[in-house]
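> Take this structure first; my questions come after.
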Amino acid sequence: MSVKAFELVPAVERLKLLGDKTKTSIECIECSGKNLYIGTSDCFVIHYLMEEVTQANGKVTYTSEKQNHKHLALRKPIKQLKAASALARVLVLCDNVLSLLNMFNLEPILSGAKAKGITSFAVNDSPLHGDAFSIEIAACTKKRAVQVYTVTEEKITFIKEVATPELPMTMAVDGSCLCVAMETQYILANSETSEVRDLYPIPNPERKTFVSKVGKEFLLPGPGIGVFVTPAAISVRPPVKWAEDVSGVSFLYPYVVAMDSEFLTVHSILDQKQKQTIPFQNGCIINDFEGKIFVASSKDVYGLIPLPVEKQVQALIADKQVEEALTLAKNFRQGGLSKEKFQKMFQLIQQQGGFIKFAMHQLQEAKQLFIEGRLDVRELICLYPNLLPSTSDFSRVVPLLHDYADVNQICQGNPDRLRECKEFLVSYLEEVRESDVSAGSRMEVDTALLKLYASSDPKKLTDFLSSDNRCSLADSLDALNSQGCYHAQGILLKLHGEPERAITIWIRIQDGELQDTSFPGLEYIVQFLANLSDHELVWRYVEWCLRKDPELTVKIFTDRPADEPPTERMRPDTIIDYLHAYPTAVIRYLEHLVFQKKLEKEIYHTHLAVLYLNEVLKLRDNPSCSREVLNLARSKLRHMLQFSDLYRIQVILSKVKETDMYAECAILYGKLEEHDRALRILVHKLQDYGAAETYCDINSKGRDLAYRRRLFQILLGVYLDPMEGKKDSLLAPAISLLNSESADFDTVRVLQLIPDSWSVGLLKQFLRRSVETNMHLGRTRRIQNSLSRNENLQVKFDMMRKRRDPIYLGEGQVCQVCHQSFNEPSFVRYPNGVITHTHCARNKTVCPVTGKFFSTSKAPS
């Protein structure tokens with residue numbers, strides 16, 4: 001038995017009830033409000049006024065005072081009583097006769113209304129007949145039938161009769177459904193249709209049988225069980241297991257109380273389990289009356305007082321029966337609790353149950369209960385020593401949700417369990433961190449997470465600190481220092497607006513004073529300085545960074561935010577002047593200005609070109625320099641010379657001419673439009689014919705076809721010039737150029753230039769392509785001419801159509817704008833018929849009178 005749901009409390013003292021009549025016994029009882037009625041074996045109806053009193057210790061007792069009694073002048077026992085408070089009547093069944101008494105003085109009514117031949121009856125709580133001033137009952141009779149009556153203050157009216165296969169013994173009713181216990185069988189009958197359906201045989205007809213109504217179901221006794229039956233003759237919940245000799249039951253949500261010869265047993269309809277056993281000898285009556293349960297033996301009457309649901313649940317919690325406590329509490333919402341009270345109570349139970357599950361190491365169940373119960377996360381954090389920040393004002397809720405000192409007590413020194421409990425806390429805090437549950441305790445949550453990450457997961461720690469958090473600075477710094485998480489200290493200081501302290505820590509790590517493997521290195525400091533808006537602080541550490549890695553340090557200036565407002569300290573000229581001692585750094589910064597920011601300042605372009613050239617010359621003079629390094633440097637120089645048009649060409653050319661850097665010279669001559677000299681260098685000095693063609697292609701980009709043809713014509717002339725070397729020594733590249741798909745030539749000038757000794761076979765491909773190109777151009781021009789003629793004809797047709805209809809301008813006609821007469825033969829007519837002076841037609845596409853817009857293709861006449 002896991003719940004104490006009821007307490008048995010005396011309702012009427014035996015002496016007060018029976019006096020000296022030792023042979024008199026209780027046959028039936030009825031309660032309505034504070035009125036208790038008892039029917040006795042010697043035909044008395046006794047009326048008591050009963051008060052329910054709550055003692056100072058919370059216990060409930062009854063006080064009773066006899067009001068009246070009435071002897072019905074029969075020698076038969078009172079079999080059944082039922083109070084109808086709306087009618088101020090008591091229905092009395094004695095000697096198979098149903099009669100009415102006044103509810104207060106127990107006098108018979110003057111009309112003498114009676115119904116005979118009745119053995120038992122039941123009140124229909126969902127009546128189908130009568131009105132608000134009547135009640136409906138269904139009665140078992142001495143014949144094989146159940147009768148339906150309506151009862152008013154003055155009379156008992158027969159409504160109808162439903163035949164039964166056997167004599168009905170007892171019954172319960174709900175609307176039109178009658179559940180009847182007969183001599184050997186349980187049945188369901190319909191009072192409207194008279195339909196009868198068999199349920200199952202009575203297991204032991206010799207024992208007292210009963211039918212009880214439980215909500216919208218009926219509860220019938222079986223062999224050692226109680227069977228639930230709906231009006232549809234089906235059972236939707238498992239049976240209740242009870243004693244073989246159960247003689248009656250009563251229902252008070254969610255409990256069914258069964259009475260046998262020795263005990264009262266309490267069963268829950270939620271899980272059909274027995275919850276409590278109360279000793280009660282020789283019980284003969286049990287019933288619920290308007291939400292109160294009373295039981296009686298032949299001499300005594302007791303009340304079953306339900307314990308408050310909070311006490312029942314707390315008893316289950318104390319016994320660590322979490323699921324049962326939750327089920328009980330959840331379903332008691334149907335037991336009359338207000339929404340607010342229920343919500344508060346249920347969340348408290350979930351929180352208490354969560355800690356019980358946590359102590360039992362059922363962590364997933366605990367987590368679910370904590371979340372659903374909206375636990376104050378600090379209640380869980382405080383279980384872990386030193387996780388709550390010293391600045392927290394948290395104090396545990398009273399009464400306490402648990403009695404554990406800390407997580408060490410729960411884990412009892414088991415390191416694996418302790419580790420799992422810490423992982424559980426991390427998981428739980430991560431899940432509720434952004435929810436409204438932790439809205440008022442974000443500082444405690446974030447500080448606890450930081451300390452947990454610092455001791456177990458440095459990567460998560462770094463990610464956590466890189467996002468928005470509300471950690472307590474002092475506590476967090478101490479925790480990180482004790483765990484050797486110096487890089488994390490810097491991140492935390494940065495987030496709390498102390499960048500200089502953060503940089504100091506990172507520099508100490510970089511210089512080896514502090515050891516922290518999670519620190520990314522110098523690049524992290526550079527990137528931080530690049531995003532720092534305090535330029536004074538940036539310059540304070542630039543020199544240290546330059547000494548470490550000049551090329552990387554340039555990123556402090558090149559990777560700055562795009563929306564950063566310009567300042568004097570971050571002007572390009574200022575930066576270049578500061579970096580002058582570090583040529584590599586200057587080059588990288590100028591590359592940023594020229595190639596990325598695309599600043600068109602001659603000084604930057606010239607400076608970068610000079611630095612590139614100096615670097616190449618330096619490498620050429622270094623005998624240990626590899627060819628790959630030199631080629632890379634020259635490639636950068638050539639790209640700069642070809643890419644930019646802003647540097648001072650003569651400055652660079654004066655230095656390059658003194659060397660054998662012919663490719664660079666060719667580029668520079670090309671910039672000076674001295675293409676003949678440039679191409680002669682490529683052809684005769686470098687003998688790089690492919691480079692010569694590429695030169696023509698690059699330098700003709702963005703120019704017209706004539707310019708492009710002139711460049712290729714110059715190259716062909718260089719190939720054919722007999723002044724350079726042996727005659728016809730460049731015949732092969734000349735033929736290759738003529739036959740190239742990418743080259744463009746004026747065919748006539750080429751034919752004038754080539755020697756007469758060349759055969760047609762050498763020029764076959766060139767001539768074929770030239771003929772095809774010229775034919776294509778000719779056809780294209782003819783098509784264009786045809787289209788133009790067609791367009792001209794269309795325009796002429798439109799003009800003729802518009803002039804077909806004459807426009808008459810009479811002497812009395814005036815301008816529709818100025819309303820003056822026309823003194824000259826010239827005028828303007830708009831397509832909508834508006835005629836104006838030429839000087840009044842300011843806009844030929846908009847009517848000056850209506851404002852209508854006309855297409856420009858339709859000019860006014």
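A note on labels: chains of the structure tokens are A, B, ... as shown, every chain counts residues from 1, and ligands are counted from 1 in their shown order.
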Give me, as a tab-separated table (two decimals) with N, CA, C and O atoms, in the first residue's frame, the residues of segment 47-209 of chain A that a backbone DSSP run labels strand (DSSP E).

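Output contents, as saved in states37.tsv:
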chain	number	residue	atom	x	y	z
A	47	HIS	N	-32.93	11.55	12.41
A	47	HIS	CA	-32.34	12.71	11.72
A	47	HIS	C	-31.29	13.35	12.64
A	47	HIS	O	-31.59	13.71	13.78
A	48	TYR	N	-30.06	13.51	12.14
A	48	TYR	CA	-28.98	14.18	12.87
A	48	TYR	C	-28.49	15.38	12.07
A	48	TYR	O	-28.47	15.37	10.83
A	49	LEU	N	-28.08	16.39	12.80
A	49	LEU	CA	-27.38	17.51	12.19
A	49	LEU	C	-25.89	17.32	12.48
A	49	LEU	O	-25.49	17.26	13.65
A	50	MET	N	-25.11	17.24	11.46
A	50	MET	CA	-23.71	16.85	11.62
A	50	MET	C	-22.80	17.97	11.10
A	50	MET	O	-23.02	18.54	10.04
A	51	GLU	N	-21.76	18.30	11.88
A	51	GLU	CA	-20.80	19.33	11.52
A	51	GLU	C	-19.42	18.68	11.33
A	51	GLU	O	-19.03	17.81	12.11
A	52	GLU	N	-18.73	19.14	10.31
A	52	GLU	CA	-17.36	18.69	10.07
A	52	GLU	C	-16.41	19.73	10.65
A	52	GLU	O	-16.46	20.90	10.28
A	53	VAL	N	-15.56	19.30	11.59
A	53	VAL	CA	-14.70	20.24	12.32
A	53	VAL	C	-13.23	19.90	12.01
A	53	VAL	O	-12.83	18.74	12.13
A	54	THR	N	-12.46	20.93	11.65
A	54	THR	CA	-11.02	20.75	11.41
A	54	THR	C	-10.26	21.19	12.65
A	54	THR	O	-10.36	22.35	13.08
A	60	VAL	N	-9.62	16.09	10.80
A	60	VAL	CA	-11.05	16.39	10.66
A	60	VAL	C	-11.84	15.45	11.55
A	60	VAL	O	-11.60	14.23	11.57
A	61	THR	N	-12.78	16.01	12.32
A	61	THR	CA	-13.68	15.21	13.15
A	61	THR	C	-15.12	15.64	12.87
A	61	THR	O	-15.36	16.66	12.21
A	62	TYR	N	-16.07	14.83	13.38
A	62	TYR	CA	-17.49	15.13	13.21
A	62	TYR	C	-18.12	15.36	14.58
A	62	TYR	O	-17.80	14.68	15.57
A	63	THR	N	-19.01	16.31	14.65
A	63	THR	CA	-19.89	16.48	15.82
A	63	THR	C	-21.32	16.33	15.31
A	63	THR	O	-21.66	16.82	14.23
A	64	SER	N	-22.16	15.61	16.06
A	64	SER	CA	-23.53	15.36	15.61
A	64	SER	C	-24.52	15.64	16.73
A	64	SER	O	-24.22	15.46	17.91
A	65	GLU	N	-25.69	16.11	16.33
A	65	GLU	CA	-26.76	16.41	17.29
A	65	GLU	C	-28.08	15.90	16.72
A	65	GLU	O	-28.45	16.23	15.60
A	66	LYS	N	-28.73	15.09	17.49
A	66	LYS	CA	-29.99	14.51	17.03
A	66	LYS	C	-31.05	15.59	16.92
A	66	LYS	O	-31.27	16.38	17.82
A	67	GLN	N	-31.75	15.61	15.79
A	67	GLN	CA	-32.79	16.61	15.53
A	67	GLN	C	-34.19	16.04	15.70
A	67	GLN	O	-35.07	16.70	16.24
A	68	ASN	N	-34.37	14.79	15.28
A	68	ASN	CA	-35.73	14.23	15.29
A	68	ASN	C	-35.65	12.75	15.01
A	68	ASN	O	-34.59	12.25	14.58
A	69	HIS	N	-36.72	12.05	15.24
A	69	HIS	CA	-36.82	10.67	14.80
A	69	HIS	C	-38.30	10.37	14.52
A	69	HIS	O	-39.19	11.05	15.01
A	70	LYS	N	-38.52	9.34	13.72
A	70	LYS	CA	-39.89	8.99	13.32
A	70	LYS	C	-40.01	7.49	13.20
A	70	LYS	O	-39.21	6.83	12.56
A	71	HIS	N	-41.06	6.95	13.84
A	71	HIS	CA	-41.36	5.53	13.72
A	71	HIS	C	-42.48	5.38	12.70
A	71	HIS	O	-43.50	6.07	12.76
A	78	ILE	N	-36.18	-0.38	7.94
A	78	ILE	CA	-36.07	0.62	6.88
A	78	ILE	C	-34.98	0.14	5.91
A	78	ILE	O	-33.81	0.03	6.27
A	79	LYS	N	-35.37	-0.12	4.67
A	79	LYS	CA	-34.41	-0.72	3.74
A	79	LYS	C	-33.55	0.30	3.01
A	79	LYS	O	-32.37	0.07	2.73
A	80	GLN	N	-34.13	1.48	2.68
A	80	GLN	CA	-33.37	2.45	1.87
A	80	GLN	C	-33.90	3.85	2.12
A	80	GLN	O	-35.11	4.06	2.27
A	81	LEU	N	-32.96	4.83	2.18
A	81	LEU	CA	-33.32	6.23	2.34
A	81	LEU	C	-32.62	7.04	1.25
A	81	LEU	O	-31.50	6.73	0.84
A	82	LYS	N	-33.32	8.10	0.80
A	82	LYS	CA	-32.70	9.01	-0.16
A	82	LYS	C	-33.27	10.40	0.04
A	82	LYS	O	-34.49	10.60	-0.03
A	83	ALA	N	-32.39	11.36	0.33
A	83	ALA	CA	-32.83	12.74	0.54
A	83	ALA	C	-32.85	13.48	-0.78
A	83	ALA	O	-31.92	13.37	-1.58
A	84	ALA	N	-33.94	14.23	-1.00
A	84	ALA	CA	-34.06	15.09	-2.18
A	84	ALA	C	-34.14	16.52	-1.66
A	84	ALA	O	-35.22	17.02	-1.35
A	89	ARG	N	-37.62	16.66	0.72
A	89	ARG	CA	-38.25	15.37	1.01
A	89	ARG	C	-37.17	14.30	1.21
A	89	ARG	O	-36.06	14.41	0.70
A	90	VAL	N	-37.60	13.24	1.98
A	90	VAL	CA	-36.79	12.04	2.13
A	90	VAL	C	-37.59	10.87	1.59
A	90	VAL	O	-38.74	10.65	2.02
A	91	LEU	N	-37.01	10.14	0.62
A	91	LEU	CA	-37.67	8.94	0.09
A	91	LEU	C	-37.31	7.79	1.01
A	91	LEU	O	-36.12	7.54	1.29
A	92	VAL	N	-38.35	7.08	1.48
A	92	VAL	CA	-38.15	5.98	2.44
A	92	VAL	C	-38.72	4.71	1.83
A	92	VAL	O	-39.87	4.66	1.38
A	93	LEU	N	-37.89	3.64	1.81
A	93	LEU	CA	-38.36	2.34	1.33
A	93	LEU	C	-38.42	1.41	2.52
A	93	LEU	O	-37.40	1.09	3.16
A	94	CYS	N	-39.63	0.97	2.82
A	94	CYS	CA	-39.85	0.06	3.95
A	94	CYS	C	-40.99	-0.88	3.59
A	94	CYS	O	-42.05	-0.44	3.12
A	97	VAL	N	-42.54	-0.64	0.15
A	97	VAL	CA	-43.36	0.54	-0.13
A	97	VAL	C	-42.45	1.76	-0.09
A	97	VAL	O	-41.71	1.98	0.88
A	98	LEU	N	-42.52	2.56	-1.15
A	98	LEU	CA	-41.74	3.78	-1.23
A	98	LEU	C	-42.66	4.94	-0.88
A	98	LEU	O	-43.70	5.14	-1.52
A	99	SER	N	-42.27	5.72	0.17
A	99	SER	CA	-43.09	6.85	0.61
A	99	SER	C	-42.20	8.07	0.79
A	99	SER	O	-40.97	8.00	0.70
A	100	LEU	N	-42.87	9.22	1.10
A	100	LEU	CA	-42.17	10.49	1.23
A	100	LEU	C	-42.36	11.06	2.62
A	100	LEU	O	-43.48	11.05	3.16
A	101	LEU	N	-41.25	11.56	3.22
A	101	LEU	CA	-41.31	12.25	4.51
A	101	LEU	C	-40.76	13.66	4.33
A	101	LEU	O	-39.92	13.92	3.46
A	102	ASN	N	-41.24	14.56	5.19
A	102	ASN	CA	-40.67	15.89	5.22
A	102	ASN	C	-39.21	15.79	5.67
A	102	ASN	O	-38.89	15.09	6.62
A	114	LYS	N	-47.40	7.15	-2.49
A	114	LYS	CA	-46.65	5.91	-2.26
A	114	LYS	C	-46.50	5.15	-3.57
A	114	LYS	O	-47.26	5.34	-4.51
A	115	ALA	N	-45.51	4.27	-3.59
A	115	ALA	CA	-45.34	3.32	-4.70
A	115	ALA	C	-45.06	1.97	-4.06
A	115	ALA	O	-44.15	1.82	-3.24
A	116	LYS	N	-45.84	0.96	-4.44
A	116	LYS	CA	-45.75	-0.34	-3.80
A	116	LYS	C	-45.03	-1.35	-4.69
A	116	LYS	O	-44.90	-1.17	-5.88
A	118	ILE	N	-41.90	-2.31	-4.45
A	118	ILE	CA	-40.53	-1.91	-4.80
A	118	ILE	C	-39.56	-2.54	-3.81
A	118	ILE	O	-39.77	-2.48	-2.59
A	119	THR	N	-38.49	-3.13	-4.35
A	119	THR	CA	-37.49	-3.78	-3.49
A	119	THR	C	-36.23	-2.93	-3.32
A	119	THR	O	-35.51	-3.07	-2.32
A	120	SER	N	-35.93	-2.05	-4.27
A	120	SER	CA	-34.80	-1.09	-4.17
A	120	SER	C	-34.99	-0.05	-5.25
A	120	SER	O	-35.76	-0.26	-6.20
A	121	PHE	N	-34.26	1.07	-5.13
A	121	PHE	CA	-34.38	2.11	-6.15
A	121	PHE	C	-33.05	2.87	-6.24
A	121	PHE	O	-32.19	2.80	-5.36
A	122	ALA	N	-32.92	3.60	-7.33
A	122	ALA	CA	-31.72	4.42	-7.56
A	122	ALA	C	-32.15	5.72	-8.23
A	122	ALA	O	-33.05	5.73	-9.07
A	123	VAL	N	-31.53	6.82	-7.83
A	123	VAL	CA	-31.84	8.14	-8.40
A	123	VAL	C	-31.04	8.32	-9.68
A	123	VAL	O	-29.85	8.02	-9.75
A	135	ILE	N	-37.49	14.77	-9.23
A	135	ILE	CA	-36.36	13.87	-9.45
A	135	ILE	C	-36.88	12.63	-10.14
A	135	ILE	O	-38.09	12.33	-10.11
A	136	GLU	N	-35.97	11.91	-10.81
A	136	GLU	CA	-36.35	10.69	-11.51
A	136	GLU	C	-35.65	9.51	-10.84
A	136	GLU	O	-34.45	9.59	-10.52
A	137	ILE	N	-36.39	8.45	-10.60
A	137	ILE	CA	-35.81	7.26	-9.99
A	137	ILE	C	-36.15	6.04	-10.85
A	137	ILE	O	-37.11	6.05	-11.62
A	138	ALA	N	-35.31	5.02	-10.72
A	138	ALA	CA	-35.60	3.72	-11.33
A	138	ALA	C	-35.66	2.72	-10.19
A	138	ALA	O	-34.80	2.71	-9.30
A	139	ALA	N	-36.67	1.86	-10.20
A	139	ALA	CA	-36.91	0.99	-9.05
A	139	ALA	C	-36.98	-0.46	-9.48
A	139	ALA	O	-37.57	-0.81	-10.51
A	140	CYS	N	-36.36	-1.34	-8.65
A	140	CYS	CA	-36.53	-2.78	-8.81
A	140	CYS	C	-37.84	-3.19	-8.13
A	140	CYS	O	-38.18	-2.68	-7.04
A	141	THR	N	-38.56	-4.10	-8.76
A	141	THR	CA	-39.89	-4.48	-8.25
A	141	THR	C	-39.92	-5.96	-7.89
A	141	THR	O	-38.97	-6.70	-8.13
A	145	ALA	N	-39.39	-6.84	-13.58
A	145	ALA	CA	-39.47	-5.55	-14.27
A	145	ALA	C	-38.77	-4.49	-13.42
A	145	ALA	O	-38.69	-4.60	-12.20
A	146	VAL	N	-38.32	-3.48	-14.15
A	146	VAL	CA	-37.78	-2.27	-13.52
A	146	VAL	C	-38.71	-1.13	-13.92
A	146	VAL	O	-39.08	-0.99	-15.09
A	147	GLN	N	-39.10	-0.31	-12.92
A	147	GLN	CA	-40.05	0.76	-13.18
A	147	GLN	C	-39.36	2.12	-13.01
A	147	GLN	O	-38.48	2.29	-12.18
A	148	VAL	N	-39.82	3.08	-13.84
A	148	VAL	CA	-39.28	4.44	-13.80
A	148	VAL	C	-40.37	5.36	-13.26
A	148	VAL	O	-41.52	5.31	-13.71
A	149	TYR	N	-39.99	6.22	-12.27
A	149	TYR	CA	-40.92	7.15	-11.64
A	149	TYR	C	-40.31	8.56	-11.64
A	149	TYR	O	-39.08	8.73	-11.68
A	150	THR	N	-41.21	9.54	-11.58
A	150	THR	CA	-40.78	10.90	-11.23
A	150	THR	C	-41.39	11.21	-9.87
A	150	THR	O	-42.54	10.81	-9.56
A	151	VAL	N	-40.62	11.91	-9.04
A	151	VAL	CA	-41.05	12.23	-7.68
A	151	VAL	C	-41.04	13.74	-7.52
A	151	VAL	O	-40.04	14.41	-7.81
A	156	ILE	N	-45.68	10.61	-6.29
A	156	ILE	CA	-44.76	9.71	-6.99
A	156	ILE	C	-45.50	9.22	-8.22
A	156	ILE	O	-46.54	8.56	-8.11
A	157	THR	N	-44.97	9.56	-9.43
A	157	THR	CA	-45.69	9.29	-10.67
A	157	THR	C	-44.97	8.21	-11.47
A	157	THR	O	-43.76	8.32	-11.74
A	158	PHE	N	-45.73	7.18	-11.83
A	158	PHE	CA	-45.20	6.10	-12.65
A	158	PHE	C	-45.03	6.60	-14.09
A	158	PHE	O	-45.92	7.24	-14.64
A	159	ILE	N	-43.85	6.29	-14.70
A	159	ILE	CA	-43.57	6.72	-16.08
A	159	ILE	C	-43.63	5.53	-17.03
A	159	ILE	O	-44.37	5.53	-18.00
A	160	LYS	N	-42.85	4.51	-16.76
A	160	LYS	CA	-42.84	3.35	-17.65
A	160	LYS	C	-42.20	2.17	-16.95
A	160	LYS	O	-41.64	2.29	-15.85
A	161	GLU	N	-42.26	1.04	-17.61
A	161	GLU	CA	-41.74	-0.20	-17.04
A	161	GLU	C	-40.90	-0.91	-18.10
A	161	GLU	O	-41.24	-0.91	-19.28
A	162	VAL	N	-39.77	-1.47	-17.65
A	162	VAL	CA	-38.88	-2.22	-18.53
A	162	VAL	C	-38.80	-3.65	-18.00
A	162	VAL	O	-38.39	-3.87	-16.85
A	163	ALA	N	-39.17	-4.60	-18.85
A	163	ALA	CA	-39.18	-6.01	-18.42
A	163	ALA	C	-37.76	-6.53	-18.33
A	163	ALA	O	-36.88	-6.16	-19.11
A	168	PRO	N	-35.27	-8.35	-10.58
A	168	PRO	CA	-34.17	-7.42	-10.33
A	168	PRO	C	-33.92	-7.29	-8.82
A	168	PRO	O	-34.87	-7.23	-8.03
A	169	MET	N	-32.65	-7.26	-8.44
A	169	MET	CA	-32.30	-7.18	-7.02
A	169	MET	C	-31.82	-5.77	-6.63
A	169	MET	O	-32.26	-5.23	-5.62
A	170	THR	N	-30.92	-5.24	-7.41
A	170	THR	CA	-30.42	-3.89	-7.16
A	170	THR	C	-29.95	-3.32	-8.49
A	170	THR	O	-29.82	-4.06	-9.48
A	171	MET	N	-29.70	-2.00	-8.49
A	171	MET	CA	-29.39	-1.40	-9.78
A	171	MET	C	-28.72	-0.04	-9.60
A	171	MET	O	-28.69	0.52	-8.49
A	172	ALA	N	-28.17	0.47	-10.71
A	172	ALA	CA	-27.68	1.86	-10.81
A	172	ALA	C	-28.15	2.38	-12.15
A	172	ALA	O	-28.40	1.61	-13.09
A	173	VAL	N	-28.31	3.70	-12.27
A	173	VAL	CA	-28.90	4.27	-13.47
A	173	VAL	C	-28.09	5.50	-13.90
A	173	VAL	O	-27.61	6.27	-13.06
A	174	ASP	N	-27.98	5.66	-15.21
A	174	ASP	CA	-27.35	6.85	-15.79
A	174	ASP	C	-28.08	7.19	-17.07
A	174	ASP	O	-27.90	6.53	-18.10
A	177	CYS	N	-29.73	4.46	-19.38
A	177	CYS	CA	-29.06	3.17	-19.19
A	177	CYS	C	-29.28	2.67	-17.77
A	177	CYS	O	-28.94	3.36	-16.78
A	178	LEU	N	-29.81	1.48	-17.66
A	178	LEU	CA	-30.03	0.82	-16.37
A	178	LEU	C	-29.10	-0.37	-16.26
A	178	LEU	O	-29.11	-1.25	-17.12
A	179	CYS	N	-28.27	-0.39	-15.22
A	179	CYS	CA	-27.41	-1.55	-14.96
A	179	CYS	C	-28.02	-2.31	-13.80
A	179	CYS	O	-28.07	-1.81	-12.65
A	180	VAL	N	-28.48	-3.52	-14.07
A	180	VAL	CA	-29.31	-4.25	-13.11
A	180	VAL	C	-28.62	-5.55	-12.71
A	180	VAL	O	-28.12	-6.29	-13.56
A	181	ALA	N	-28.61	-5.78	-11.39
A	181	ALA	CA	-28.17	-7.08	-10.87
A	181	ALA	C	-29.43	-7.90	-10.59
A	181	ALA	O	-30.26	-7.53	-9.73
A	182	MET	N	-29.58	-9.03	-11.32
A	182	MET	CA	-30.75	-9.90	-11.10
A	182	MET	C	-30.33	-11.04	-10.17
A	182	MET	O	-29.30	-10.98	-9.51
A	185	GLN	N	-27.72	-12.94	-12.84
A	185	GLN	CA	-27.14	-12.32	-14.02
A	185	GLN	C	-27.10	-10.80	-13.88
A	185	GLN	O	-27.97	-10.19	-13.25
A	186	TYR	N	-26.04	-10.18	-14.47
A	186	TYR	CA	-25.99	-8.72	-14.62
A	186	TYR	C	-26.43	-8.38	-16.03
A	186	TYR	O	-26.02	-9.04	-16.99
A	187	ILE	N	-27.25	-7.32	-16.16
A	187	ILE	CA	-27.71	-6.91	-17.49
A	187	ILE	C	-27.63	-5.39	-17.61
A	187	ILE	O	-27.52	-4.68	-16.60
A	188	LEU	N	-27.68	-4.93	-18.86
A	188	LEU	CA	-27.88	-3.51	-19.16
A	188	LEU	C	-29.21	-3.38	-19.87
A	188	LEU	O	-29.48	-4.11	-20.82
A	189	ALA	N	-30.03	-2.45	-19.40
A	189	ALA	CA	-31.33	-2.23	-20.03
A	189	ALA	C	-31.45	-0.76	-20.41
A	189	ALA	O	-30.90	0.12	-19.74
A	190	ASN	N	-32.21	-0.51	-21.48
A	190	ASN	CA	-32.44	0.84	-21.94
A	190	ASN	C	-33.88	1.23	-21.61
A	190	ASN	O	-34.82	0.58	-22.09
A	196	VAL	N	-32.56	-5.04	-23.76
A	196	VAL	CA	-31.83	-5.66	-22.65
A	196	VAL	C	-30.63	-6.40	-23.22
A	196	VAL	O	-30.76	-7.14	-24.20
A	197	ARG	N	-29.45	-6.18	-22.60
A	197	ARG	CA	-28.23	-6.88	-23.02
A	197	ARG	C	-27.62	-7.57	-21.81
A	197	ARG	O	-27.44	-6.94	-20.75
A	198	ASP	N	-27.28	-8.85	-22.00
A	198	ASP	CA	-26.65	-9.60	-20.91
A	198	ASP	C	-25.20	-9.17	-20.77
A	198	ASP	O	-24.49	-8.90	-21.76
A	199	LEU	N	-24.73	-9.14	-19.52
A	199	LEU	CA	-23.33	-8.84	-19.25
A	199	LEU	C	-22.59	-10.12	-18.88
A	199	LEU	O	-21.91	-10.71	-19.71
A	200	TYR	N	-22.70	-10.58	-17.64
A	200	TYR	CA	-22.08	-11.85	-17.24
A	200	TYR	C	-22.81	-12.37	-16.00
A	200	TYR	O	-23.49	-11.63	-15.28
A	201	PRO	N	-22.69	-13.67	-15.73
A	201	PRO	CA	-23.40	-14.27	-14.59
A	201	PRO	C	-22.84	-13.77	-13.26
A	201	PRO	O	-21.66	-13.42	-13.15
> May I ask which of the residues A:Arg374, A:His607, A:His684, A:His639 is the closest one to Tyr589 of chain A, counting only C-alpha atoms?
A:His607
> Show which residues sit within 7 Å of segment 482-486 of chain A, as a list in words. Count only C-alpha atoms, and ignore same-chain residues fewer than 4 positions away.
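Answer for this query is Ala454, Ser455, Asp478, Gly490, Ile505 and Asp516 of chain A.
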> For Ala88 of chain A, please output as a count of residues only all residues within 8 Å (counting only C-alpha atoms; exclusion window: fewer than 6 positions along the same chain).
4
> Between A:Val236, A:Ile503, A:Leu369, A:Leu492, which residue has the minimum interatomic distance to Ile269 of chain A, considering only C-alpha atoms?
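Checking each candidate against Ile269 of chain A, we get A:Val236 as the closest.
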> Excluding same-chain residues fewer than 3 positions from Glu444 of chain A, what lies within 12 Å of it counting only C-alpha atoms, as a ChimeraX atom specification?
/A:376-382,386-394,429,433,438-441,447-451,469-473,475-476
> Find the spatial neighbours of Leu363 of chain A, counting only C-alpha atoms, within a cut-off of 12 Å - ignore same-chain residues fewer than 4 positions away - and output them as number ranges by chain.
A: 353-359, 367-370, 417-418, 420-425, 427-428
> Quick one: residues within 12 Å of segment 708-711 of chain A, only C-alpha atoms counted, chain neighbours fewer than 5 positions away excluded, as a ChimeraX atom specification?
/A:670,673-679,692-703,716-718,738,742-750
> Quote the spacing between atom CA of Pro566 of chain A and atom CA of Val538 of chain A in Å to one decimal place.
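For atom CA of Pro566 of chain A relative to atom CA of Val538 of chain A, the distance reads 14.6 Å.
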> Where does DSSP see alpha helix (DSSP H) in segment 201-446 of chain A, if you list the residues as a PyMOL selection string?
chain A and resi 309-318+322-331+339-359+363-372+377-381+407-411+415-432+442-446
> So, with only C-alpha atoms as the atoms that count, which of A:Asn282, A:Tyr669, A:Val445, A:Lys34 lies closest to Leu653 of chain A?
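The shortest atom-to-atom distance to Leu653 of chain A comes from A:Tyr669.
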> For a test of reading the model, state the distance in Å between atom CA of Pro572 of chain A and atom CA of Leu590 of chain A, rounded to one decimal.
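One can read the atom CA of Pro572 of chain A to atom CA of Leu590 of chain A distance as 8.9 Å.
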> Interatomic distance between atom CA of Leu72 of chain A and atom CA of Glu13 of chain A?
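Distance between the two atoms: 23.4 Å.
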